[in-house]
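Report on one structure; see the data block that follows.
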Amino acid sequence: MKSKNQFTLLQQRRFAPFFWAQFLGALNDNVFKTALVTVLTFDAINWTTMNSALLNNIIPGLFILPFMLFSASAGQIADKVEKGNLARAVKLLEILIMCVAAFGWFEHRVWLLVAAVFGMGLHSTLFGPMKYAYLPQHLKTDELVGGNGIVEMGTFVGILLGQIIGASLVVHQGWGIHVVAFGTTGLAVVGAFMSWKIPHSPAPVPDLRINWNPFTETLRNIQFSSHNRPVFLSLLANSWFWFYGAIVLAQMPQYAKENLHGDYSVFVGLLAVFSVGVGVGSLLCERLSGYKVEIGLVPLGSIGLTVFGIDLYLSSTAGRFSGSVDLLMFLQHAGNWRILFDMLGVGVFGGLYIVPLFALIQTRCDPTHMSRTIAGMNILNSLFMVVAALSAMAMLKSGLSIPQIFLVTALLNALVAMCIFMLLPEFLMRFLVWVLIHTIQRVRGIHLNRIPPAAAALLVCHPVRFLDVLVITACSPRPIRFVLEEQTSGHSFFLWIFKICKAIPVANGDQSVTGSALVDIAQALHDGELVCVFSEGRLSEGGELKALKNGIQQIIERSSVPVIPIALRGQRGSIDDRSADNSFKRVCGRGLFSRLELVIGEPLSATSDFFRHGAQNVQRLKEYGE
């Protein structure tokens with residue numbers, strides 16, 4: 001596998017200006033919103049005669065409302081307009097909104113400040129679809145997970161810093177308000193400056209006719225996405241994360257005050273631990289995924305969200321104080337460290353859950369419809385967050401405590417995860433494969449970049465065992481359609497795996513690829529997929545290499561695609577080697593875990609003399625290291 005640091009993207013013009021523009025936007029949103037909520041909570045008498053509790057509930061709703069009203073239009077604009085120009089226009093709008101807000105701060109005009117909240121929601125609505133559609137245009141496939149991880153880390157760090165800065169400044173009478181007014185305007189100006197350095201990003205559909213009706217366009221977006229089952233279920237899974245996070249984070253202030261008997265610093269501490277956890281989890285995705293889009297991390301993240309959510313409920317009675325305490329006193333109680341660890345765990349596994357979903361949507365969505373798909377996801381996210389707020393209110397009204405709400409949410413997460421993984425078993429299959437290559441099969445990929453990132457190719461592999469098919473599947477940066485003998489998938493487990501992988505079956509005992517299989521292979525290659533055949537037409541017991549069969553010649557005569565020889569090396573002597581020598585001796589000699597290498601050969605042109613050179617190439621790869 002490649003060894004690189006995803007943070008090097010922050011030194012490159014294709015990523016850094018975009019990252020800082022979106023980071024400063026998230027930071028500015030939260031400095032402004034938190035400062036306003038804090039003022040209306042602790043100094044309402046000097047600002048308004050309205051009920052401060054009512055205003056504090058209206059403000060988050062006003063921020064979300066533009067997502068529901070304008071996301072459909074924002075997605076169309078992002079698909080029609082060059083993204084660099086769009087980013088600059090949105091950032092100029094942010095400066096205008098913050099100038100209006102500054103006047104509201106100086107003149108104590110609450111209605112102007114509330115209007116600015118709606119304006120910042122509109123700013124985020126317009127920037128959101130462009131934000132995730134920009135990355136696939138400028139990042140390579142093996143950089144996409146790392147880039148998404150940095151963006152998610154930056155978003156949550158911006159939220160955390162914004163809330164801390166906003167709340168810390170406005171408590172200082174007089175000068176605090178002035179710092180917020182000038183500071184938020186200054187952040188908007190710096191964000192606009194960074195947007196001017198965003199490189200040119202062509203519009204995928206410049207002649208798109210915009211439908212300004214948000215309701216019909218929203219239905220059209222969701223209906224379009226529903227035709228792509230993996231993408232649509234990923235959108236729902238993404239929205240579920242925001243449901244989970246909205247419930248947990250909305251209870252944090254009251255949880256810190258009533259259940260943990262802490263002051264505001266305890267709430268900030270919990271929020272900081274959660275945000276750091278999301279950042280760590282997001283950054284870990286690239287390393288754990290092997291620098292490719294690995295949706296097997298999604299079930300892992302879901303398991304962690306449930307486990308740590310349940311333990312957060314169990315640990316909530318660990319530390320109790322008779323009076324209000326600050327963060328330092330809170331940390332002196334050993335049981336409270338378990339609560340912080342649970343919050344960290346929820347954040348880490350939340351990052352592992354959300355980043356691969358974004359990467360899957362970006363790689364499998366129709367590129368000409370990506371911004372509109374992201375816009376549809378933002379609408380779903382908003383709806384799920386509204387439902388989360390209503391659900392939390394209903395649970396509180398029914399008498400559940402906040403720790404019990406955490407428990408119910410964690411159990412619901414397990415139920416929703418099972419439903420999603422049953423509807424799309426590819427998530428679960430990739431998780432099992434990911435576990436396989438990180439436990440008993442330790443695999444290193446060599447020259448994986450020789451596999452084309454998008455185009456069709458025919459992979460030719462020397463005969464391998466059942467388990468090795470899963471290893472190849474796990475290492476490949478793209479899904480592979482294997483051509484297998486029907487008897488190969490006779491075992492129920494492998495039948496399930498190969499069904500999910502859309503394996504192309506050939507008749508039992510027929511070592512050539514003929515009939516309907518040729519049609520299926522030609523169609524798969526025409527659709528730009530990877531197809532893998534074995535040099536003898538089937539899997540083998542010991543991995544012997546035999547002559548390439550005529551069926552492969554028919555494939556490349558029908559479809560002029562690159563032919564790429566691949567081979568696994570290091571199989572001999574592994575614990576699961578089927579050769580006749582003593583297995584105990586193999587374990588003593590090599591250890592319990594198999595260490596394999598998947599070698600990708602140089603692509604070959606589909607010529608009539610492929611077989612002689614291809615067989616030699618496969619043989620050479622197979623023998624290398626044995």
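Each chain of the structure tokens is named A, B, ... in the order shown, its residues numbered from 1; ligands are numbered from 1 in display order.
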Do a neighbour search on segment 369-386 of chain A at 8 Å with only C-alpha atoms, toss out local chain neighbours closer than 6 positions, and write the hits as an NGL selection string. :A and (64 or 67-68 or 71-72 or 74-76 or 78-79 or 128-130 or 132-133 or 218 or 221-222 or 225 or 235-236 or 238-240 or 242-243 or 246 or 362)
Who sits within 8 Å of Asn28 of chain A, only C-alpha atoms, same chain under 6 positions skipped, as a ChimeraX atom specification: /A:162,184,187-188
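Selecting strand (DSSP E or B) from the backbone DSSP output for segment 319-525 of chain A yields Val325, Gln441, Arg442, Val443, Arg444, Gly445, Ile446, Ala457, Leu458, Leu459, Val460, Cys461, Ile480, Arg481, Phe482, Val483, Leu484, Glu485, Ile504, Pro505 and Val506 of chain A.
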Atom-to-atom span, atom CA of Val171 of chain A and atom CA of Arg109 of chain A, Å: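 Calculated distance between atom CA of Val171 of chain A and atom CA of Arg109 of chain A is 18.1 Å.
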Among segment 94-215 of chain A, which residues carry a DSSP assignment of alpha helix (DSSP H), reported as a ChimeraX atom specification? /A:94-107,110-138,141-170,175-195,214-215
What's around segment 58-63 of chain A at 8 Å? Count only C-alpha atoms, leave out sequence neighbours fewer than 6 positions away in its own chain, and write the answer as JSON, numbers by chain. {"A": [33, 37, 114, 117, 118, 119, 120, 121, 122]}
